[in-house]
2 protein chains.
Amino acid sequence: MVEFLNCFGVKPGGKQEFFTVWLEVNTYMRAKPGYVGHTLYRSLSPDATYRYVNTAQWESAQACQEAHDQGFRELAGALAQQGVTSTPSPYELVHDGRQPTIRLAYC
Amino acid sequence: MVEFLNCFGVKPGGKQEFFTVWLEVNTYMRAKPGYVGHTLYRSLSPDATYRYVNTAQWESAQACQEAHDQGFRELAGALAQQGVTSTPSPYELVHDGRQPTIRLAYC
């Protein structure tokens, strides 16, 4: 399992515009081979460095890499046009401190 | 539920030193009222903007805020001494795309 994390810097007032494009990209990516799941977090503070943080789980690094194809780039290009910054990179989960009962309730 | 997210910039060669302090801070924080759970991700690419990304779940924003007390600051101060950068901020989960069967297996 690979975790693909991405922190998005979004200009003030651009949250809805970002989310619309993010949904389009997400719909495209979740149909790709090896896609497992995702979460999207939105900041509660206007001072946050990143307005949104996205995690995506892929079966393998190869599946993740192949999914970021030309179709993805065409859709995601709209985010760059909005002035959105991003920090896309693959990660591994190295410390899982979710409590069992909470994990079931939370998931 | 509040998600407290933090991206850490760690100098090359500083991963183990970071992780040692992070474990101390984590042990301190998980004993606090309102603590729910956490995950720690480590980058797989040397080019990643952030070497580690930490998520922590708290029952409320108030519990999260109160947990970041003087004891926390004394422990976390060691990270600043290492030259570690961070982006601490509260978030909310706005899109959960984890698949039910995977959620159980993954959690």
# chains A, B, ... in the order shown; residues from 1 in each chain; ligands from 1

$ closest_atom_pairs --of "stretch 54-75 of chain A" --to "stretch 25-32 of chain A" --cutoff "9 Å" --atoms "only C-alpha atoms" --output "CSV"
residue,atom,partner,partner_atom,distance
A:Ala63,CA,A:Lys32,CA,8.2
A:Cys64,CA,A:Lys32,CA,8.9
A:Glu66,CA,A:Lys32,CA,8.8
A:Ala67,CA,A:Lys32,CA,6.1
A:His68,CA,A:Met29,CA,8.1
A:Gly71,CA,A:Tyr28,CA,8.3
A:Phe72,CA,A:Val25,CA,6.7
A:Leu75,CA,A:Val25,CA,6.0

$ write_last_selection --atoms "all heavy atoms" --output "PDB file, in the first residue's frame"
ATOM      1  N   ALA A  63       1.060   1.488  -9.612  1.00  0.00           N
ATOM      2  CA  ALA A  63      -0.317   1.843  -9.943  1.00  0.00           C
ATOM      3  C   ALA A  63      -0.544   3.342  -9.762  1.00  0.00           C
ATOM      4  O   ALA A  63      -1.201   3.996 -10.585  1.00  0.00           O
ATOM      5  CB  ALA A  63      -1.283   1.055  -9.061  1.00  0.00           C
ATOM      6  N   CYS A  64       0.009   3.871  -8.688  1.00  0.00           N
ATOM      7  CA  CYS A  64      -0.121   5.310  -8.410  1.00  0.00           C
ATOM      8  C   CYS A  64       0.526   6.138  -9.506  1.00  0.00           C
ATOM      9  O   CYS A  64      -0.049   7.102 -10.022  1.00  0.00           O
ATOM     10  CB  CYS A  64       0.520   5.604  -7.052  1.00  0.00           C
ATOM     11  SG  CYS A  64       0.524   7.337  -6.592  1.00  0.00           S
ATOM     12  N   GLU A  66       1.250   5.221 -12.649  1.00  0.00           N
ATOM     13  CA  GLU A  66       0.595   5.077 -13.948  1.00  0.00           C
ATOM     14  C   GLU A  66      -0.738   5.828 -14.013  1.00  0.00           C
ATOM     15  O   GLU A  66      -1.183   6.238 -15.073  1.00  0.00           O
ATOM     16  CB  GLU A  66       0.387   3.594 -14.259  1.00  0.00           C
ATOM     17  CG  GLU A  66       1.697   2.865 -14.541  1.00  0.00           C
ATOM     18  CD  GLU A  66       1.528   1.379 -14.798  1.00  0.00           C
ATOM     19  OE1 GLU A  66       0.387   0.880 -14.680  1.00  0.00           O
ATOM     20  OE2 GLU A  66       2.548   0.719 -15.109  1.00  0.00           O
ATOM     21  N   ALA A  67      -1.380   6.004 -12.847  1.00  0.00           N
ATOM     22  CA  ALA A  67      -2.665   6.706 -12.820  1.00  0.00           C
ATOM     23  C   ALA A  67      -2.500   8.200 -13.086  1.00  0.00           C
ATOM     24  O   ALA A  67      -3.430   8.867 -13.548  1.00  0.00           O
ATOM     25  CB  ALA A  67      -3.341   6.499 -11.469  1.00  0.00           C
ATOM     26  N   HIS A  68      -1.321   8.715 -12.779  1.00  0.00           N
ATOM     27  CA  HIS A  68      -1.069  10.146 -13.022  1.00  0.00           C
ATOM     28  C   HIS A  68      -0.643  10.338 -14.479  1.00  0.00           C
ATOM     29  O   HIS A  68       0.490  10.686 -14.781  1.00  0.00           O
ATOM     30  CB  HIS A  68      -0.001  10.660 -12.046  1.00  0.00           C
ATOM     31  CG  HIS A  68      -0.513  10.770 -10.638  1.00  0.00           C
ATOM     32  ND1 HIS A  68      -0.616   9.692  -9.786  1.00  0.00           N
ATOM     33  CD2 HIS A  68      -0.983  11.834  -9.948  1.00  0.00           C
ATOM     34  CE1 HIS A  68      -1.114  10.087  -8.620  1.00  0.00           C
ATOM     35  NE2 HIS A  68      -1.349  11.371  -8.688  1.00  0.00           N
ATOM     36  N   GLY A  71      -4.509  12.212 -18.998  1.00  0.00           N
ATOM     37  CA  GLY A  71      -5.870  12.610 -18.627  1.00  0.00           C
ATOM     38  C   GLY A  71      -5.901  13.307 -17.283  1.00  0.00           C
ATOM     39  O   GLY A  71      -6.620  14.302 -17.089  1.00  0.00           O
ATOM     40  N   PHE A  72      -5.123  12.776 -16.347  1.00  0.00           N
ATOM     41  CA  PHE A  72      -5.024  13.422 -15.031  1.00  0.00           C
ATOM     42  C   PHE A  72      -4.451  14.831 -15.173  1.00  0.00           C
ATOM     43  O   PHE A  72      -4.973  15.792 -14.606  1.00  0.00           O
ATOM     44  CB  PHE A  72      -4.141  12.579 -14.103  1.00  0.00           C
ATOM     45  CG  PHE A  72      -3.605  13.357 -12.936  1.00  0.00           C
ATOM     46  CD1 PHE A  72      -4.400  13.606 -11.831  1.00  0.00           C
ATOM     47  CD2 PHE A  72      -2.310  13.870 -12.968  1.00  0.00           C
ATOM     48  CE1 PHE A  72      -3.912  14.353 -10.768  1.00  0.00           C
ATOM     49  CE2 PHE A  72      -1.816  14.604 -11.909  1.00  0.00           C
ATOM     50  CZ  PHE A  72      -2.617  14.850 -10.805  1.00  0.00           C
ATOM     51  N   LEU A  75      -6.905  17.422 -16.432  1.00  0.00           N
ATOM     52  CA  LEU A  75      -7.888  17.846 -15.424  1.00  0.00           C
ATOM     53  C   LEU A  75      -7.232  18.699 -14.339  1.00  0.00           C
ATOM     54  O   LEU A  75      -7.746  19.746 -13.955  1.00  0.00           O
ATOM     55  CB  LEU A  75      -8.543  16.617 -14.782  1.00  0.00           C
ATOM     56  CG  LEU A  75      -9.515  15.827 -15.661  1.00  0.00           C
ATOM     57  CD1 LEU A  75      -9.929  14.541 -14.955  1.00  0.00           C
ATOM     58  CD2 LEU A  75     -10.751  16.673 -15.967  1.00  0.00           C
TER      59      LEU A  75
END

$ interface_residues --of "chain A" --to "chain B" --cutoff "8 Å" --atoms "only C-alpha atoms" --output "VMD selection string"
chain A and resid 36 to 45 48 to 49 87 to 100 102 to 104 107

$ write_last_selection --atoms "N, CA and C atoms" --output "compact mmCIF listing (two decimals), in the first residue's frame"
# COMPACT_ATOMS: atom_id res chain seq x y z
N VAL A 36 -7.41 2.57 -4.21
CA VAL A 36 -7.98 1.96 -3.01
C VAL A 36 -8.95 2.91 -2.31
N GLY A 37 -8.55 4.13 -2.05
CA GLY A 37 -9.43 5.05 -1.35
C GLY A 37 -8.76 6.39 -1.14
N HIS A 38 -9.47 7.30 -0.47
CA HIS A 38 -8.92 8.64 -0.25
C HIS A 38 -9.63 9.31 0.91
N THR A 39 -9.02 10.39 1.39
CA THR A 39 -9.68 11.32 2.32
C THR A 39 -9.29 12.73 1.90
N LEU A 40 -10.20 13.67 2.13
CA LEU A 40 -9.89 15.08 1.87
C LEU A 40 -10.21 15.88 3.13
N TYR A 41 -9.22 16.63 3.60
CA TYR A 41 -9.38 17.46 4.79
C TYR A 41 -9.38 18.93 4.39
N ARG A 42 -10.23 19.72 5.07
CA ARG A 42 -10.27 21.17 4.84
C ARG A 42 -9.92 21.87 6.14
N SER A 43 -9.09 22.89 6.06
CA SER A 43 -8.63 23.56 7.27
C SER A 43 -9.77 24.31 7.95
N LEU A 44 -9.68 24.38 9.28
CA LEU A 44 -10.65 25.12 10.08
C LEU A 44 -10.13 26.51 10.42
N SER A 45 -8.86 26.76 10.12
CA SER A 45 -8.25 28.05 10.44
C SER A 45 -7.88 28.81 9.16
N ALA A 48 -4.10 28.67 8.13
CA ALA A 48 -3.43 27.42 7.77
C ALA A 48 -2.56 27.62 6.53
N THR A 49 -1.41 26.98 6.53
CA THR A 49 -0.53 27.04 5.36
C THR A 49 -1.21 26.41 4.16
N THR A 87 1.89 19.80 -3.05
CA THR A 87 3.10 19.10 -2.60
C THR A 87 2.94 17.59 -2.81
N PRO A 88 2.65 17.13 -4.04
CA PRO A 88 2.34 15.71 -4.24
C PRO A 88 3.56 14.81 -4.03
N SER A 89 3.40 13.73 -3.25
CA SER A 89 4.51 12.81 -3.01
C SER A 89 3.98 11.52 -2.38
N PRO A 90 4.67 10.39 -2.66
CA PRO A 90 4.26 9.12 -2.06
C PRO A 90 4.82 8.97 -0.64
N TYR A 91 4.03 8.34 0.22
CA TYR A 91 4.40 8.14 1.62
C TYR A 91 4.07 6.71 2.03
N GLU A 92 4.60 6.32 3.19
CA GLU A 92 4.20 5.05 3.81
C GLU A 92 3.74 5.34 5.24
N LEU A 93 2.75 4.57 5.69
CA LEU A 93 2.25 4.72 7.06
C LEU A 93 3.23 4.03 8.00
N VAL A 94 3.86 4.79 8.90
CA VAL A 94 4.90 4.21 9.75
C VAL A 94 4.49 4.12 11.22
N HIS A 95 3.40 4.79 11.60
CA HIS A 95 2.93 4.71 12.99
C HIS A 95 1.42 4.92 13.00
N ASP A 96 0.67 3.85 13.29
CA ASP A 96 -0.79 3.91 13.26
C ASP A 96 -1.31 3.84 14.69
N GLY A 97 -1.72 4.99 15.23
CA GLY A 97 -2.17 5.06 16.62
C GLY A 97 -3.67 5.18 16.76
N ARG A 98 -4.40 4.79 15.73
CA ARG A 98 -5.86 4.83 15.87
C ARG A 98 -6.29 3.68 16.77
N GLN A 99 -7.18 3.98 17.69
CA GLN A 99 -7.62 2.95 18.63
C GLN A 99 -8.67 2.06 17.97
N PRO A 100 -8.63 0.75 18.24
CA PRO A 100 -9.48 -0.21 17.53
C PRO A 100 -10.96 0.18 17.50
N ILE A 102 -12.32 3.07 17.96
CA ILE A 102 -12.49 4.31 17.23
C ILE A 102 -12.32 4.07 15.74
N ARG A 103 -11.40 3.18 15.41
CA ARG A 103 -11.15 2.90 13.99
C ARG A 103 -12.44 2.43 13.32
N LEU A 104 -13.16 1.54 13.98
CA LEU A 104 -14.39 1.02 13.39
C LEU A 104 -15.44 2.11 13.30
N CYS A 107 -14.30 4.73 10.62
CA CYS A 107 -14.17 4.30 9.23
C CYS A 107 -15.50 4.09 8.52

$ select_by_dssp --residues "chain A" --states "helix (DSSP H, G or I)" --output "PyMOL selection string"
chain A and resi 15-29+61-67+70-81+100-106

$ select_by_dssp --residues "chain B" --states "strand (DSSP E or B)" --output "JSON, numbers by chain"
{"B": [2, 3, 4, 5, 6, 7, 8, 9, 35, 36, 37, 38, 39, 40, 41, 42, 43, 52, 53, 54, 55, 56, 57, 58, 85, 86, 89, 90, 91, 92, 93, 94, 95, 96]}

$ write_last_selection --atoms "C-alpha atoms" --output "tab-separated table (two decimals), in the first residue's frame"
chain	number	residue	atom	x	y	z
B	2	VAL	CA	-11.13	17.54	14.85
B	3	GLU	CA	-8.18	16.44	12.72
B	4	PHE	CA	-4.94	18.15	13.65
B	5	LEU	CA	-2.56	17.89	10.69
B	6	ASN	CA	1.12	18.71	10.69
B	7	CYS	CA	3.67	18.48	7.86
B	8	PHE	CA	7.30	18.32	8.96
B	9	GLY	CA	10.29	19.47	6.98
B	35	TYR	CA	-7.15	12.35	22.45
B	36	VAL	CA	-8.60	9.88	19.95
B	37	GLY	CA	-5.80	8.64	17.69
B	38	HIS	CA	-3.12	9.46	15.16
B	39	THR	CA	-1.22	8.37	12.06
B	40	LEU	CA	2.33	9.20	11.01
B	41	TYR	CA	3.42	9.03	7.38
B	42	ARG	CA	7.02	9.05	6.12
B	43	SER	CA	7.87	10.08	2.58
B	52	TYR	CA	6.81	13.34	7.70
B	53	VAL	CA	3.09	14.08	7.86
B	54	ASN	CA	1.20	13.58	11.12
B	55	THR	CA	-2.58	13.41	11.62
B	56	ALA	CA	-4.07	13.47	15.13
B	57	GLN	CA	-7.74	13.06	15.96
B	58	TRP	CA	-9.24	14.92	18.93
B	85	THR	CA	9.76	23.06	10.15
B	86	SER	CA	6.05	22.38	10.70
B	89	SER	CA	-3.40	23.43	12.02
B	90	PRO	CA	-6.87	21.98	12.73
B	91	TYR	CA	-8.86	20.41	9.89
B	92	GLU	CA	-12.15	18.68	9.27
B	93	LEU	CA	-12.70	15.57	7.14
B	94	VAL	CA	-14.87	16.73	4.23
B	95	HIS	CA	-14.67	13.79	1.79
B	96	ASP	CA	-14.13	10.20	2.92

$ residues_around --residues "B:Gln81" --least-positions-apart "4" --cutoff "12 Å" --atoms "only C-alpha atoms" --output "ChimeraX atom specification"
/B:10-11,14,17-18,21,74-77,85

$ write_last_selection --atoms "N, CA, C and O atoms" --output "short mmCIF file (atom, residue, chain, number, x, y, z; two decimals), in the first residue's frame"
data_model
loop_
_atom_site.label_atom_id
_atom_site.label_comp_id
_atom_site.auth_asym_id
_atom_site.auth_seq_id
_atom_site.Cartn_x
_atom_site.Cartn_y
_atom_site.Cartn_z
N VAL B 10 12.19 18.01 7.38
CA VAL B 10 13.31 17.46 8.16
C VAL B 10 14.56 17.48 7.29
O VAL B 10 14.53 17.06 6.12
N LYS B 11 15.66 17.97 7.85
CA LYS B 11 16.90 18.03 7.09
C LYS B 11 17.39 16.63 6.72
O LYS B 11 17.13 15.66 7.45
N GLY B 14 18.23 13.57 9.17
CA GLY B 14 17.63 13.84 10.47
C GLY B 14 16.40 13.02 10.78
O GLY B 14 15.70 13.30 11.77
N GLU B 17 16.47 11.09 14.27
CA GLU B 17 16.46 12.08 15.35
C GLU B 17 15.05 12.67 15.49
O GLU B 17 14.54 12.85 16.60
N PHE B 18 14.42 12.97 14.36
CA PHE B 18 13.06 13.49 14.38
C PHE B 18 12.12 12.48 15.03
O PHE B 18 11.33 12.81 15.91
N VAL B 21 12.13 12.16 18.89
CA VAL B 21 11.42 13.24 19.58
C VAL B 21 9.92 13.13 19.33
O VAL B 21 9.11 13.33 20.23
N GLU B 74 7.62 22.23 25.72
CA GLU B 74 8.98 21.88 26.16
C GLU B 74 9.51 20.68 25.38
O GLU B 74 10.68 20.64 24.99
N LEU B 75 8.65 19.68 25.15
CA LEU B 75 9.07 18.50 24.39
C LEU B 75 9.28 18.84 22.91
O LEU B 75 10.29 18.46 22.31
N ALA B 76 8.30 19.55 22.34
CA ALA B 76 8.35 19.84 20.91
C ALA B 76 9.45 20.84 20.57
O ALA B 76 9.87 20.93 19.41
N GLY B 77 9.93 21.55 21.57
CA GLY B 77 11.01 22.51 21.33
C GLY B 77 12.25 21.84 20.77
O GLY B 77 13.03 22.47 20.04
N THR B 85 10.85 22.12 10.40
CA THR B 85 9.76 23.06 10.15
C THR B 85 8.43 22.32 10.26
O THR B 85 8.38 21.09 10.10
#

$ atom_distance --atom1 "atom CA of A:Arg73" --atom2 "atom CA of A:Pro12"
24.0 Å

$ decode --residues "stretch 77-92 of chain A" --atoms "all heavy atoms" --output "JSON list (two decimals), in the first residue's frame"
[["chain", "number", "residue", "atom", "x", "y", "z"],
["A", 77, "GLY", "N", -4.66, 20.43, -14.44],
["A", 77, "GLY", "CA", -4.13, 21.70, -14.92],
["A", 77, "GLY", "C", -5.01, 22.88, -14.52],
["A", 77, "GLY", "O", -4.52, 24.01, -14.37],
["A", 78, "ALA", "N", -6.31, 22.61, -14.33],
["A", 78, "ALA", "CA", -7.23, 23.68, -13.93],
["A", 78, "ALA", "C", -6.88, 24.21, -12.54],
["A", 78, "ALA", "O", -7.15, 25.38, -12.24],
["A", 78, "ALA", "CB", -8.67, 23.17, -13.95],
["A", 79, "LEU", "N", -6.28, 23.37, -11.72],
["A", 79, "LEU", "CA", -5.90, 23.83, -10.37],
["A", 79, "LEU", "C", -4.74, 24.82, -10.47],
["A", 79, "LEU", "O", -4.71, 25.84, -9.78],
["A", 79, "LEU", "CB", -5.50, 22.64, -9.49],
["A", 79, "LEU", "CG", -6.63, 21.67, -9.15],
["A", 79, "LEU", "CD1", -6.11, 20.52, -8.30],
["A", 79, "LEU", "CD2", -7.76, 22.39, -8.41],
["A", 80, "ALA", "N", -3.79, 24.52, -11.34],
["A", 80, "ALA", "CA", -2.67, 25.44, -11.53],
["A", 80, "ALA", "C", -3.17, 26.79, -12.05],
["A", 80, "ALA", "O", -2.66, 27.85, -11.66],
["A", 80, "ALA", "CB", -1.65, 24.84, -12.49],
["A", 81, "GLN", "N", -4.17, 26.73, -12.92],
["A", 81, "GLN", "CA", -4.74, 27.98, -13.45],
["A", 81, "GLN", "C", -5.41, 28.82, -12.36],
["A", 81, "GLN", "O", -5.56, 30.03, -12.50],
["A", 81, "GLN", "CB", -5.72, 27.67, -14.57],
["A", 81, "GLN", "CG", -5.05, 27.13, -15.84],
["A", 81, "GLN", "CD", -6.05, 26.71, -16.90],
["A", 81, "GLN", "OE1", -7.25, 26.74, -16.68],
["A", 81, "GLN", "NE2", -5.54, 26.29, -18.05],
["A", 82, "GLN", "N", -5.84, 28.15, -11.30],
["A", 82, "GLN", "CA", -6.44, 28.86, -10.16],
["A", 82, "GLN", "C", -5.37, 29.43, -9.22],
["A", 82, "GLN", "O", -5.70, 30.09, -8.24],
["A", 82, "GLN", "CB", -7.35, 27.91, -9.35],
["A", 82, "GLN", "CG", -8.58, 27.43, -10.05],
["A", 82, "GLN", "CD", -9.35, 26.40, -9.22],
["A", 82, "GLN", "OE1", -9.16, 26.30, -8.01],
["A", 82, "GLN", "NE2", -10.22, 25.64, -9.86],
["A", 83, "GLY", "N", -4.11, 29.08, -9.49],
["A", 83, "GLY", "CA", -3.05, 29.53, -8.59],
["A", 83, "GLY", "C", -2.86, 28.62, -7.40],
["A", 83, "GLY", "O", -2.21, 29.00, -6.42],
["A", 84, "VAL", "N", -3.43, 27.41, -7.48],
["A", 84, "VAL", "CA", -3.30, 26.45, -6.39],
["A", 84, "VAL", "C", -1.88, 25.87, -6.37],
["A", 84, "VAL", "O", -1.36, 25.49, -7.42],
["A", 84, "VAL", "CB", -4.33, 25.31, -6.55],
["A", 84, "VAL", "CG1", -4.06, 24.17, -5.56],
["A", 84, "VAL", "CG2", -5.75, 25.85, -6.37],
["A", 85, "THR", "N", -1.26, 25.82, -5.20],
["A", 85, "THR", "CA", 0.03, 25.17, -5.04],
["A", 85, "THR", "C", -0.18, 23.77, -4.46],
["A", 85, "THR", "O", -1.20, 23.51, -3.81],
["A", 85, "THR", "CB", 0.96, 25.96, -4.10],
["A", 85, "THR", "OG1", 0.39, 25.97, -2.78],
["A", 85, "THR", "CG2", 1.12, 27.39, -4.60],
["A", 86, "SER", "N", 0.77, 22.86, -4.67],
["A", 86, "SER", "CA", 0.60, 21.50, -4.18],
["A", 86, "SER", "C", 1.94, 20.85, -3.86],
["A", 86, "SER", "O", 2.98, 21.31, -4.34],
["A", 86, "SER", "CB", -0.15, 20.65, -5.21],
["A", 86, "SER", "OG", 0.58, 20.59, -6.42],
["A", 87, "THR", "N", 1.89, 19.80, -3.05],
["A", 87, "THR", "CA", 3.10, 19.10, -2.60],
["A", 87, "THR", "C", 2.94, 17.59, -2.81],
["A", 87, "THR", "O", 3.10, 16.82, -1.86],
["A", 87, "THR", "CB", 3.36, 19.36, -1.11],
["A", 87, "THR", "OG1", 2.28, 18.78, -0.35],
["A", 87, "THR", "CG2", 3.44, 20.84, -0.80],
["A", 88, "PRO", "N", 2.65, 17.13, -4.04],
["A", 88, "PRO", "CA", 2.34, 15.71, -4.24],
["A", 88, "PRO", "C", 3.56, 14.81, -4.03],
["A", 88, "PRO", "O", 4.62, 15.07, -4.60],
["A", 88, "PRO", "CB", 1.87, 15.67, -5.69],
["A", 88, "PRO", "CG", 2.57, 16.83, -6.34],
["A", 88, "PRO", "CD", 2.63, 17.90, -5.28],
["A", 89, "SER", "N", 3.40, 13.73, -3.25],
["A", 89, "SER", "CA", 4.51, 12.81, -3.01],
["A", 89, "SER", "C", 3.98, 11.52, -2.38],
["A", 89, "SER", "O", 3.00, 11.54, -1.64],
["A", 89, "SER", "CB", 5.53, 13.47, -2.07],
["A", 89, "SER", "OG", 6.81, 12.91, -2.25],
["A", 90, "PRO", "N", 4.67, 10.39, -2.66],
["A", 90, "PRO", "CA", 4.26, 9.12, -2.06],
["A", 90, "PRO", "C", 4.82, 8.97, -0.64],
["A", 90, "PRO", "O", 5.95, 9.38, -0.37],
["A", 90, "PRO", "CB", 4.86, 8.08, -3.00],
["A", 90, "PRO", "CG", 6.06, 8.75, -3.59],
["A", 90, "PRO", "CD", 5.73, 10.22, -3.67],
["A", 91, "TYR", "N", 4.03, 8.34, 0.22],
["A", 91, "TYR", "CA", 4.40, 8.14, 1.62],
["A", 91, "TYR", "C", 4.07, 6.71, 2.03],
["A", 91, "TYR", "O", 3.34, 5.99, 1.34],
["A", 91, "TYR", "CB", 3.61, 9.10, 2.53],
["A", 91, "TYR", "CG", 4.08, 10.54, 2.47],
["A", 91, "TYR", "CD1", 3.75, 11.35, 1.39],
["A", 91, "TYR", "CD2", 4.83, 11.09, 3.49],
["A", 91, "TYR", "CE1", 4.19, 12.67, 1.33],
["A", 91, "TYR", "CE2", 5.26, 12.41, 3.44],
["A", 91, "TYR", "CZ", 4.94, 13.19, 2.36],
["A", 91, "TYR", "OH", 5.36, 14.49, 2.30],
["A", 92, "GLU", "N", 4.60, 6.32, 3.19],
["A", 92, "GLU", "CA", 4.20, 5.05, 3.81],
["A", 92, "GLU", "C", 3.74, 5.34, 5.24],
["A", 92, "GLU", "O", 4.27, 6.25, 5.89],
["A", 92, "GLU", "CB", 5.36, 4.05, 3.81],
["A", 92, "GLU", "CG", 6.58, 4.55, 4.56],
["A", 92, "GLU", "CD", 7.75, 3.58, 4.49],
["A", 92, "GLU", "OE1", 7.52, 2.39, 4.25],
["A", 92, "GLU", "OE2", 8.90, 4.03, 4.69]]
